[in-house]
$ cat final_5.pdb   # PDB, C-alpha atoms and all ligand atoms
ATOM      1  CA  MET P   1      94.636 107.921  83.623  1.00  0.00           C
ATOM      2  CA  LYS P   2      91.692 105.815  84.657  1.00  0.00           C
ATOM      3  CA  LEU P   3      91.376 104.245  88.104  1.00  0.00           C
ATOM      4  CA  TYR P   4      88.884 101.516  88.889  1.00  0.00           C
ATOM      5  CA  GLY P   5      88.231 101.229  92.606  1.00  0.00           C
ATOM      6  CA  PHE P   6      85.886 100.137  95.343  1.00  0.00           C
ATOM      7  CA  THR P   7      85.285 103.417  97.170  1.00  0.00           C
ATOM      8  CA  PRO P   8      85.049 102.115 100.792  1.00  0.00           C
ATOM      9  CA  SER P   9      88.242 100.043 100.481  1.00  0.00           C
ATOM     10  CA  PRO P  10      91.487 101.289 102.080  1.00  0.00           C
ATOM     11  CA  ASN P  11      93.401  99.937  99.058  1.00  0.00           C
ATOM     12  CA  THR P  12      91.428 102.362  96.884  1.00  0.00           C
ATOM     13  CA  TRP P  13      91.560 105.256  99.399  1.00  0.00           C
ATOM     14  CA  LYS P  14      95.318 105.209  99.653  1.00  0.00           C
ATOM     15  CA  VAL P  15      95.760 105.399  95.858  1.00  0.00           C
ATOM     16  CA  ARG P  16      93.233 108.236  95.540  1.00  0.00           C
ATOM     17  CA  ALA P  17      94.715 110.099  98.510  1.00  0.00           C
ATOM     18  CA  LEU P  18      98.186 109.948  96.958  1.00  0.00           C
ATOM     19  CA  ALA P  19      96.905 111.126  93.557  1.00  0.00           C
ATOM     20  CA  ALA P  20      95.067 114.037  95.215  1.00  0.00           C
ATOM     21  CA  HIS P  21      98.161 114.961  97.230  1.00  0.00           C
ATOM     22  CA  LEU P  22     100.381 114.934  94.133  1.00  0.00           C
ATOM     23  CA  GLY P  23      97.823 116.631  91.908  1.00  0.00           C
ATOM     24  CA  VAL P  24      97.699 113.696  89.471  1.00  0.00           C
ATOM     25  CA  ALA P  25      94.301 113.704  87.766  1.00  0.00           C
ATOM     26  CA  LEU P  26      92.450 110.382  87.767  1.00  0.00           C
ATOM     27  CA  ASP P  27      89.302 109.484  85.904  1.00  0.00           C
ATOM     28  CA  TYR P  28      87.748 107.438  88.721  1.00  0.00           C
ATOM     29  CA  GLU P  29      85.172 104.663  88.352  1.00  0.00           C
ATOM     30  CA  HIS P  30      83.622 102.904  91.336  1.00  0.00           C
ATOM     31  CA  LEU P  31      83.024  99.183  90.832  1.00  0.00           C
ATOM     32  CA  ASP P  32      80.332  97.666  93.024  1.00  0.00           C
ATOM     33  CA  LEU P  33      82.103  94.573  94.305  1.00  0.00           C
ATOM     34  CA  LEU P  34      78.959  93.443  96.093  1.00  0.00           C
ATOM     35  CA  LYS P  35      77.382  93.049  92.650  1.00  0.00           C
ATOM     36  CA  GLY P  36      80.384  91.242  91.142  1.00  0.00           C
ATOM     37  CA  ALA P  37      81.485  94.230  89.049  1.00  0.00           C
ATOM     38  CA  SER P  38      85.155  93.229  89.258  1.00  0.00           C
ATOM     39  CA  HIS P  39      84.495  89.847  87.645  1.00  0.00           C
ATOM     40  CA  THR P  40      83.014  90.989  84.345  1.00  0.00           C
ATOM     41  CA  PRO P  41      84.935  90.003  81.180  1.00  0.00           C
ATOM     42  CA  ALA P  42      85.639  93.725  80.538  1.00  0.00           C
ATOM     43  CA  PHE P  43      87.246  94.242  83.962  1.00  0.00           C
ATOM     44  CA  LEU P  44      89.073  90.889  83.961  1.00  0.00           C
ATOM     45  CA  ALA P  45      90.785  92.149  80.783  1.00  0.00           C
ATOM     46  CA  VAL P  46      92.149  94.985  82.945  1.00  0.00           C
ATOM     47  CA  ASN P  47      92.929  92.882  86.023  1.00  0.00           C
ATOM     48  CA  PRO P  48      92.775  89.089  85.622  1.00  0.00           C
ATOM     49  CA  THR P  49      92.721  88.696  89.429  1.00  0.00           C
ATOM     50  CA  GLY P  50      89.325  90.452  89.539  1.00  0.00           C
ATOM     51  CA  ARG P  51      90.372  92.913  92.236  1.00  0.00           C
ATOM     52  CA  THR P  52      90.419  96.663  92.731  1.00  0.00           C
ATOM     53  CA  PRO P  53      92.146  99.068  92.515  1.00  0.00           C
ATOM     54  CA  ALA P  54      93.378  98.878  88.909  1.00  0.00           C
ATOM     55  CA  LEU P  55      94.867 101.620  86.770  1.00  0.00           C
ATOM     56  CA  VAL P  56      94.813 102.098  83.000  1.00  0.00           C
ATOM     57  CA  ASP P  57      97.248 104.569  81.460  1.00  0.00           C
ATOM     58  CA  GLY P  58      96.943 104.362  77.674  1.00  0.00           C
ATOM     59  CA  ASP P  59      97.857 100.781  76.782  1.00  0.00           C
ATOM     60  CA  PHE P  60      99.428 100.153  80.205  1.00  0.00           C
ATOM     61  CA  LYS P  61      97.319  98.249  82.738  1.00  0.00           C
ATOM     62  CA  LEU P  62      98.493  98.073  86.332  1.00  0.00           C
ATOM     63  CA  TRP P  63      97.018  96.376  89.383  1.00  0.00           C
ATOM     64  CA  GLU P  64      98.123  95.966  93.026  1.00  0.00           C
ATOM     65  CA  SER P  65      97.617  99.141  95.044  1.00  0.00           C
ATOM     66  CA  ASN P  66     101.242  99.639  96.056  1.00  0.00           C
ATOM     67  CA  ALA P  67     102.541  99.243  92.497  1.00  0.00           C
ATOM     68  CA  ILE P  68      99.931 101.804  91.403  1.00  0.00           C
ATOM     69  CA  MET P  69     101.085 104.215  94.136  1.00  0.00           C
ATOM     70  CA  GLN P  70     104.711 103.882  93.089  1.00  0.00           C
ATOM     71  CA  TYR P  71     103.759 104.453  89.444  1.00  0.00           C
ATOM     72  CA  LEU P  72     101.689 107.559  90.300  1.00  0.00           C
ATOM     73  CA  ALA P  73     104.454 108.896  92.529  1.00  0.00           C
ATOM     74  CA  SER P  74     106.884 108.501  89.616  1.00  0.00           C
ATOM     75  CA  GLN P  75     104.835 110.845  87.406  1.00  0.00           C
ATOM     76  CA  LYS P  76     106.465 114.006  88.782  1.00  0.00           C
ATOM     77  CA  PRO P  77     109.265 114.876  91.196  1.00  0.00           C
ATOM     78  CA  ASN P  78     108.025 114.948  94.791  1.00  0.00           C
ATOM     79  CA  THR P  79     109.244 114.437  98.353  1.00  0.00           C
ATOM     80  CA  LEU P  80     107.137 111.307  98.945  1.00  0.00           C
ATOM     81  CA  TRP P  81     109.084 109.187  96.427  1.00  0.00           C
ATOM     82  CA  PRO P  82     112.587 110.659  96.289  1.00  0.00           C
ATOM     83  CA  ASP P  83     115.094 109.384  93.751  1.00  0.00           C
ATOM     84  CA  ASN P  84     117.092 107.507  96.369  1.00  0.00           C
ATOM     85  CA  ALA P  85     117.430 103.699  96.393  1.00  0.00           C
ATOM     86  CA  ARG P  86     117.474 103.324 100.180  1.00  0.00           C
ATOM     87  CA  THR P  87     114.522 105.631 100.780  1.00  0.00           C
ATOM     88  CA  ARG P  88     112.520 103.796  98.132  1.00  0.00           C
ATOM     89  CA  ALA P  89     113.474 100.416  99.587  1.00  0.00           C
ATOM     90  CA  ASP P  90     112.379 101.653 103.018  1.00  0.00           C
ATOM     91  CA  ILE P  91     109.005 102.741 101.591  1.00  0.00           C
ATOM     92  CA  MET P  92     108.617  99.396  99.778  1.00  0.00           C
ATOM     93  CA  ARG P  93     109.465  97.580 103.021  1.00  0.00           C
ATOM     94  CA  TRP P  94     106.596  99.284 104.871  1.00  0.00           C
ATOM     95  CA  GLN P  95     104.206  98.897 101.934  1.00  0.00           C
ATOM     96  CA  SER P  96     105.007  95.166 101.699  1.00  0.00           C
ATOM     97  CA  TRP P  97     104.562  94.753 105.449  1.00  0.00           C
ATOM     98  CA  GLN P  98     101.261  96.640 105.312  1.00  0.00           C
ATOM     99  CA  LEU P  99      99.795  94.379 102.631  1.00  0.00           C
ATOM    100  CA  ALA P 100     101.164  91.052 103.859  1.00  0.00           C
ATOM    101  CA  HIS P 101     100.880  91.446 107.619  1.00  0.00           C
ATOM    102  CA  TRP P 102      99.231  94.599 108.985  1.00  0.00           C
ATOM    103  CA  GLY P 103      96.353  94.463 106.496  1.00  0.00           C
ATOM    104  CA  LYS P 104      95.968  90.764 105.791  1.00  0.00           C
ATOM    105  CA  GLU P 105      96.677  89.226 109.193  1.00  0.00           C
ATOM    106  CA  SER P 106      95.779  91.982 111.664  1.00  0.00           C
ATOM    107  CA  CYS P 107      93.168  94.397 110.314  1.00  0.00           C
ATOM    108  CA  GLU P 108      91.185  92.411 107.748  1.00  0.00           C
ATOM    109  CA  PRO P 109      90.006  89.592 110.058  1.00  0.00           C
ATOM    110  CA  LEU P 110      88.850  92.169 112.617  1.00  0.00           C
ATOM    111  CA  ILE P 111      87.166  94.471 110.080  1.00  0.00           C
ATOM    112  CA  PHE P 112      85.477  91.531 108.355  1.00  0.00           C
ATOM    113  CA  ASN P 113      84.232  89.800 111.495  1.00  0.00           C
ATOM    114  CA  ARG P 114      83.318  92.835 113.560  1.00  0.00           C
ATOM    115  CA  LEU P 115      82.099  95.287 110.912  1.00  0.00           C
ATOM    116  CA  VAL P 116      81.423  93.818 107.461  1.00  0.00           C
ATOM    117  CA  LYS P 117      79.523  90.778 108.773  1.00  0.00           C
ATOM    118  CA  LYS P 118      77.287  93.033 110.842  1.00  0.00           C
ATOM    119  CA  LEU P 119      76.678  95.502 107.987  1.00  0.00           C
ATOM    120  CA  ALA P 120      76.016  92.746 105.439  1.00  0.00           C
ATOM    121  CA  ASN P 121      73.942  90.578 107.757  1.00  0.00           C
ATOM    122  CA  MET P 122      76.376  87.689 107.483  1.00  0.00           C
ATOM    123  CA  GLY P 123      75.895  86.204 110.926  1.00  0.00           C
ATOM    124  CA  PRO P 124      78.009  86.349 114.092  1.00  0.00           C
ATOM    125  CA  PRO P 125      81.783  86.910 114.135  1.00  0.00           C
ATOM    126  CA  ASN P 126      84.014  83.855 113.968  1.00  0.00           C
ATOM    127  CA  GLU P 127      85.591  84.150 117.424  1.00  0.00           C
ATOM    128  CA  ALA P 128      88.636  82.034 116.515  1.00  0.00           C
ATOM    129  CA  GLU P 129      89.397  84.413 113.621  1.00  0.00           C
ATOM    130  CA  VAL P 130      88.874  87.424 115.908  1.00  0.00           C
ATOM    131  CA  ALA P 131      91.241  85.966 118.536  1.00  0.00           C
ATOM    132  CA  LYS P 132      93.938  85.295 115.919  1.00  0.00           C
ATOM    133  CA  GLY P 133      93.387  88.774 114.422  1.00  0.00           C
ATOM    134  CA  LEU P 134      93.802  90.403 117.850  1.00  0.00           C
ATOM    135  CA  GLU P 135      96.993  88.447 118.506  1.00  0.00           C
ATOM    136  CA  CYS P 136      98.434  89.627 115.156  1.00  0.00           C
ATOM    137  CA  PHE P 137      97.133  93.170 115.695  1.00  0.00           C
ATOM    138  CA  ASN P 138      98.884  93.506 119.063  1.00  0.00           C
ATOM    139  CA  ARG P 139     102.091  92.028 117.649  1.00  0.00           C
ATOM    140  CA  ASP P 140     102.103  94.326 114.586  1.00  0.00           C
ATOM    141  CA  ALA P 141     100.849  97.470 116.360  1.00  0.00           C
ATOM    142  CA  ALA P 142     103.881  97.247 118.679  1.00  0.00           C
ATOM    143  CA  VAL P 143     106.186  97.348 115.633  1.00  0.00           C
ATOM    144  CA  LEU P 144     104.275 100.317 114.231  1.00  0.00           C
ATOM    145  CA  ASP P 145     104.331 102.160 117.580  1.00  0.00           C
ATOM    146  CA  ALA P 146     108.099 101.718 117.907  1.00  0.00           C
ATOM    147  CA  ALA P 147     108.690 102.942 114.338  1.00  0.00           C
ATOM    148  CA  GLU P 148     106.383 105.911 114.906  1.00  0.00           C
ATOM    149  CA  ALA P 149     108.212 106.832 118.118  1.00  0.00           C
ATOM    150  CA  ALA P 150     111.544 106.768 116.227  1.00  0.00           C
ATOM    151  CA  VAL P 151     110.135 108.991 113.462  1.00  0.00           C
ATOM    152  CA  ARG P 152     108.689 111.418 116.035  1.00  0.00           C
ATOM    153  CA  THR P 153     112.068 111.709 117.761  1.00  0.00           C
ATOM    154  CA  MET P 154     113.662 112.408 114.381  1.00  0.00           C
ATOM    155  CA  LEU P 155     111.019 115.068 113.572  1.00  0.00           C
ATOM    156  CA  ASP P 156     111.499 116.652 117.022  1.00  0.00           C
ATOM    157  CA  ASP P 157     115.225 116.816 116.286  1.00  0.00           C
ATOM    158  CA  VAL P 158     114.583 118.486 112.924  1.00  0.00           C
ATOM    159  CA  THR P 159     112.270 121.024 114.594  1.00  0.00           C
ATOM    160  CA  ALA P 160     114.804 121.676 117.357  1.00  0.00           C
ATOM    161  CA  LEU P 161     117.537 122.139 114.762  1.00  0.00           C
ATOM    162  CA  LYS P 162     115.389 124.621 112.879  1.00  0.00           C
ATOM    163  CA  ASN P 163     114.456 126.551 116.022  1.00  0.00           C
ATOM    164  CA  THR P 164     117.639 126.526 118.095  1.00  0.00           C
ATOM    165  CA  GLY P 165     120.346 125.044 115.941  1.00  0.00           C
ATOM    166  CA  SER P 166     120.811 121.991 118.184  1.00  0.00           C
ATOM    167  CA  ALA P 167     119.086 118.599 118.088  1.00  0.00           C
ATOM    168  CA  LYS P 168     117.594 117.374 121.390  1.00  0.00           C
ATOM    169  CA  SER P 169     118.821 113.776 121.100  1.00  0.00           C
ATOM    170  CA  GLY P 170     122.331 114.956 120.185  1.00  0.00           C
ATOM    171  CA  GLN P 171     122.768 117.514 122.988  1.00  0.00           C
ATOM    172  CA  ASP P 172     124.496 115.358 125.631  1.00  0.00           C
TER     173      ASP P 172
HETATM  174  N1  LIG J   1      96.786  93.200  97.182  1.00  0.00           N
HETATM  175  C1  LIG J   1      95.716  93.862  96.468  1.00  0.00           C
HETATM  176  C2  LIG J   1      94.407  93.607  97.206  1.00  0.00           C
HETATM  177  C3  LIG J   1      93.237  94.061  96.382  1.00  0.00           C
HETATM  178  C4  LIG J   1      91.930  93.575  96.987  1.00  0.00           C
HETATM  179  O1  LIG J   1      91.880  92.595  97.730  1.00  0.00           O
HETATM  180  N2  LIG J   1      90.855  94.271  96.589  1.00  0.00           N
HETATM  181  C5  LIG J   1      89.543  93.899  97.055  1.00  0.00           C
HETATM  182  C6  LIG J   1      88.838  95.114  97.606  1.00  0.00           C
HETATM  183  S1  LIG J   1      89.712  95.708  99.028  1.00  0.00           S
HETATM  184  C7  LIG J   1      88.730  93.387  95.886  1.00  0.00           C
HETATM  185  O2  LIG J   1      88.725  93.995  94.839  1.00  0.00           O
HETATM  186  N3  LIG J   1      88.043  92.252  96.057  1.00  0.00           N
HETATM  187  C8  LIG J   1      87.176  91.740  95.037  1.00  0.00           C
HETATM  188  C9  LIG J   1      87.261  90.256  94.905  1.00  0.00           C
HETATM  189  O3  LIG J   1      88.168  89.648  95.513  1.00  0.00           O
HETATM  190  O4  LIG J   1      86.426  89.705  94.195  1.00  0.00           O
HETATM  191  C10 LIG J   1      96.015  95.362  96.347  1.00  0.00           C
HETATM  192  O5  LIG J   1      96.731  95.877  97.210  1.00  0.00           O
HETATM  193  O6  LIG J   1      95.573  96.006  95.382  1.00  0.00           O
END

$ encode --input "final_5.pdb" --output "structure tokens"
Amino acid sequence: MKLYGFTPSPNTWKVRALAAHLGVALDYEHLDLLKGASHTPAFLAVNPTGRTPALVDGDFKLWESNAIMQYLASQKPNTLWPDNARTRADIMRWQSWQLAHWGKESCEPLIFNRLVKKLANMGPPNEAEVAKGLECFNRDAAVLDAAEAAVRTMLDDVTALKNTGSAKSGQD
């Protein structure tokens, strides 16, 4: 399978990290987005939206990072993508939230204004965009923190069950 990506992009990292974790071999090609490499006729035939990452598996072309991850995770049985409708829906819920809200509204405005603009000499940050990004970041990080705390409690319970035969949160 061939993966076209933009190496510094989190949307490319997450696909490559999953493939490495699962042991799915990818023939990887970096496209230099700063030079317009994702808008050539050859690449637009792979992904008409002109974005990376994009996967080609024989005559099957797939774009959108989360769809690519789900496709890669379906290549072999594994614990990350179990054959269970509710678990998969839960994963899709977080992946949808990540793309639509955490990434788009919270992280991207901050990364663009505070990092990319500086690196690419694009002038000062747009402070209104930074303020909105921080508002969204604080809102969304609270959701993530609460979910992480719930998962940690669950993992602590699993560890306690393994070690002592009784879950901490179920002891009283
Ligand atoms: N929702 C898409 C976002 C893809 C995306 O925005 N890719 C950026 C790099 S992070 C890109 O290729 N931009 C090139 C362009 O818009 O011309 C996904 O998850 O794959």

$ closest_residue --input "final_5.pdb" --among "P:Ala128, P:Ala89, P:Leu55, P:Leu110" --to "ligand LIG 1 (chain J)" --atoms "all atoms listed in the file"
P:Leu55

$ residues_near_ligand --input "final_5.pdb" --ligand "ligand LIG 1 (chain J)" --cutoff "7 Å" --atoms "all atoms listed in the file" --output "ChimeraX atom specification"
/P:6,9-11,33,36,38-39,50-53,63-66,99

$ residues_near_point --input "final_5.pdb" --point "(90.1, 89.4, 114.5)" --cutoff "8 Å" --atoms "all atoms listed in the file" --output "MDAnalysis selection string"
chainID P and resid 106:114 127:134

$ resolve_selection --input "final_5.pdb" --expression "the PyMOL selection byres (((chain P and resi 30) around 12) and not hetatm)" --output "ChimeraX atom specification"
/P:2-9,12-13,16,27-29,31-35,37-38,43,52-54

$ resolve_selection --input "final_5.pdb" --expression "the PyMOL selection byres (((chain P and resi 24) around 12) and not hetatm)" --output "JSON list (two decimals) with C-alpha atoms, in the coordinates of the input"
[["chain", "number", "residue", "atom", "x", "y", "z"],
["P", 1, "MET", "CA", 94.64, 107.92, 83.62],
["P", 2, "LYS", "CA", 91.69, 105.82, 84.66],
["P", 3, "LEU", "CA", 91.38, 104.24, 88.10],
["P", 15, "VAL", "CA", 95.76, 105.40, 95.86],
["P", 16, "ARG", "CA", 93.23, 108.24, 95.54],
["P", 17, "ALA", "CA", 94.72, 110.10, 98.51],
["P", 18, "LEU", "CA", 98.19, 109.95, 96.96],
["P", 19, "ALA", "CA", 96.90, 111.13, 93.56],
["P", 20, "ALA", "CA", 95.07, 114.04, 95.22],
["P", 21, "HIS", "CA", 98.16, 114.96, 97.23],
["P", 22, "LEU", "CA", 100.38, 114.93, 94.13],
["P", 23, "GLY", "CA", 97.82, 116.63, 91.91],
["P", 25, "ALA", "CA", 94.30, 113.70, 87.77],
["P", 26, "LEU", "CA", 92.45, 110.38, 87.77],
["P", 27, "ASP", "CA", 89.30, 109.48, 85.90],
["P", 28, "TYR", "CA", 87.75, 107.44, 88.72],
["P", 69, "MET", "CA", 101.08, 104.22, 94.14],
["P", 71, "TYR", "CA", 103.76, 104.45, 89.44],
["P", 72, "LEU", "CA", 101.69, 107.56, 90.30],
["P", 73, "ALA", "CA", 104.45, 108.90, 92.53],
["P", 74, "SER", "CA", 106.88, 108.50, 89.62],
["P", 75, "GLN", "CA", 104.84, 110.84, 87.41],
["P", 76, "LYS", "CA", 106.46, 114.01, 88.78],
["P", 77, "PRO", "CA", 109.26, 114.88, 91.20],
["P", 78, "ASN", "CA", 108.02, 114.95, 94.79]]

$ atom_distance --input "final_5.pdb" --atom1 "atom CA of Val116 of chain P" --atom2 "atom CA of Asp140 of chain P"
21.9 Å

$ atom_distance --input "final_5.pdb" --atom1 "atom CA of Lys104 of chain P" --atom2 "atom CA of Pro41 of chain P"
27.0 Å

$ closest_residue --input "final_5.pdb" --among "P:Asn121, P:Gln98, P:Asn47, P:Thr164" --to "Val143 of chain P" --atoms "all atoms listed in the file"
P:Gln98

$ atom_distance --input "final_5.pdb" --atom1 "atom CA of Ile91 of chain P" --atom2 "atom CA of Asn163 of chain P"
28.4 Å

$ residues_around --input "final_5.pdb" --residues "Val46 of chain P" --least-positions-apart "4" --cutoff "8 Å" --atoms "all atoms listed in the file" --output "CSV table (one decimal) with C-alpha atoms, keeping the file's coordinate frame"
chain,number,residue,atom,x,y,z
P,42,ALA,CA,85.6,93.7,80.5
P,54,ALA,CA,93.4,98.9,88.9
P,56,VAL,CA,94.8,102.1,83.0
P,61,LYS,CA,97.3,98.2,82.7
P,62,LEU,CA,98.5,98.1,86.3

$ axis_aligned_box --input "final_5.pdb" --around "segment 135-151 of chain P" --padding-each-side "5 Å" --output "AutoDock Vina command-line options"
--center_x 104.3 --center_y 98.7 --center_z 116.3 --size_x 24.6 --size_y 30.5 --size_z 15.6

$ closest_residue --input "final_5.pdb" --among "P:Lys14, P:Leu115, P:Glu105, P:Met122" --to "Arg139 of chain P" --atoms "all atoms listed in the file"
P:Glu105

$ closest_residue --input "final_5.pdb" --among "P:Arg88, P:Lys118, P:Lys162, P:His101" --to "Leu144 of chain P" --atoms "only C-alpha atoms"
P:His101

$ decode --input "final_5.pdb" --residues "segment 48-78 of chain P" --atoms "N, CA and C atoms" --output "compact mmCIF listing (two decimals), in the first residue's frame"
# COMPACT_ATOMS: atom_id res chain seq x y z
N PRO P 48 -9.00 14.33 -4.87
CA PRO P 48 -9.46 15.56 -5.53
C PRO P 48 -9.53 16.76 -4.60
N THR P 49 -9.41 16.53 -3.27
CA THR P 49 -9.42 17.69 -2.35
C THR P 49 -8.01 18.28 -2.20
N GLY P 50 -7.00 17.60 -2.76
CA GLY P 50 -5.64 18.14 -2.73
C GLY P 50 -5.02 18.14 -1.34
N ARG P 51 -5.41 17.15 -0.52
CA ARG P 51 -4.87 17.12 0.85
C ARG P 51 -4.21 15.78 1.15
N THR P 52 -3.31 15.82 2.12
CA THR P 52 -2.67 14.61 2.63
C THR P 52 -3.18 14.36 4.04
N PRO P 53 -3.17 13.10 4.51
CA PRO P 53 -2.67 11.90 3.85
C PRO P 53 -3.68 11.32 2.86
N ALA P 54 -3.14 10.47 1.95
CA ALA P 54 -3.99 9.71 1.02
C ALA P 54 -3.33 8.36 0.81
N LEU P 55 -4.19 7.35 0.70
CA LEU P 55 -3.70 5.96 0.60
C LEU P 55 -4.13 5.39 -0.75
N VAL P 56 -3.24 4.59 -1.34
CA VAL P 56 -3.61 3.85 -2.55
C VAL P 56 -3.31 2.37 -2.30
N ASP P 57 -4.36 1.56 -2.42
CA ASP P 57 -4.21 0.11 -2.24
C ASP P 57 -4.75 -0.54 -3.50
N GLY P 58 -3.85 -0.88 -4.43
CA GLY P 58 -4.31 -1.39 -5.73
C GLY P 58 -5.13 -0.32 -6.43
N ASP P 59 -6.39 -0.67 -6.80
CA ASP P 59 -7.21 0.33 -7.49
C ASP P 59 -8.11 1.12 -6.52
N PHE P 60 -7.84 0.95 -5.22
CA PHE P 60 -8.64 1.64 -4.20
C PHE P 60 -7.89 2.87 -3.68
N LYS P 61 -8.53 4.04 -3.82
CA LYS P 61 -7.91 5.28 -3.34
C LYS P 61 -8.72 5.80 -2.17
N LEU P 62 -8.03 6.12 -1.07
CA LEU P 62 -8.74 6.54 0.13
C LEU P 62 -8.07 7.76 0.72
N TRP P 63 -8.89 8.77 1.05
CA TRP P 63 -8.37 9.96 1.73
C TRP P 63 -9.22 10.25 2.94
N GLU P 64 -8.77 11.16 3.78
CA GLU P 64 -9.28 11.45 5.14
C GLU P 64 -8.58 10.49 6.10
N SER P 65 -7.77 11.12 6.99
CA SER P 65 -6.88 10.35 7.87
C SER P 65 -7.62 9.31 8.71
N ASN P 66 -8.79 9.64 9.23
CA ASN P 66 -9.45 8.68 10.11
C ASN P 66 -10.00 7.49 9.33
N ALA P 67 -10.49 7.74 8.11
CA ALA P 67 -10.95 6.63 7.27
C ALA P 67 -9.76 5.72 6.93
N ILE P 68 -8.60 6.33 6.68
CA ILE P 68 -7.40 5.54 6.37
C ILE P 68 -7.01 4.68 7.58
N MET P 69 -7.09 5.28 8.79
CA MET P 69 -6.75 4.52 10.00
C MET P 69 -7.69 3.33 10.18
N GLN P 70 -8.97 3.56 9.95
CA GLN P 70 -9.93 2.47 10.14
C GLN P 70 -9.69 1.37 9.10
N TYR P 71 -9.33 1.77 7.89
CA TYR P 71 -9.05 0.78 6.83
C TYR P 71 -7.79 -0.03 7.19
N LEU P 72 -6.73 0.67 7.64
CA LEU P 72 -5.50 -0.04 8.01
C LEU P 72 -5.76 -0.98 9.19
N ALA P 73 -6.54 -0.50 10.15
CA ALA P 73 -6.81 -1.32 11.34
C ALA P 73 -7.67 -2.53 11.00
N SER P 74 -8.34 -2.49 9.85
CA SER P 74 -9.17 -3.62 9.43
C SER P 74 -8.37 -4.68 8.66
N GLN P 75 -7.08 -4.43 8.47
CA GLN P 75 -6.28 -5.37 7.66
C GLN P 75 -5.97 -6.67 8.39
N LYS P 76 -5.93 -6.60 9.74
CA LYS P 76 -5.65 -7.81 10.52
C LYS P 76 -6.28 -7.66 11.89
N PRO P 77 -6.63 -8.79 12.53
CA PRO P 77 -7.25 -8.68 13.85
C PRO P 77 -6.29 -7.98 14.83
N ASN P 78 -6.83 -7.08 15.64
CA ASN P 78 -5.99 -6.40 16.63
C ASN P 78 -6.88 -5.81 17.71
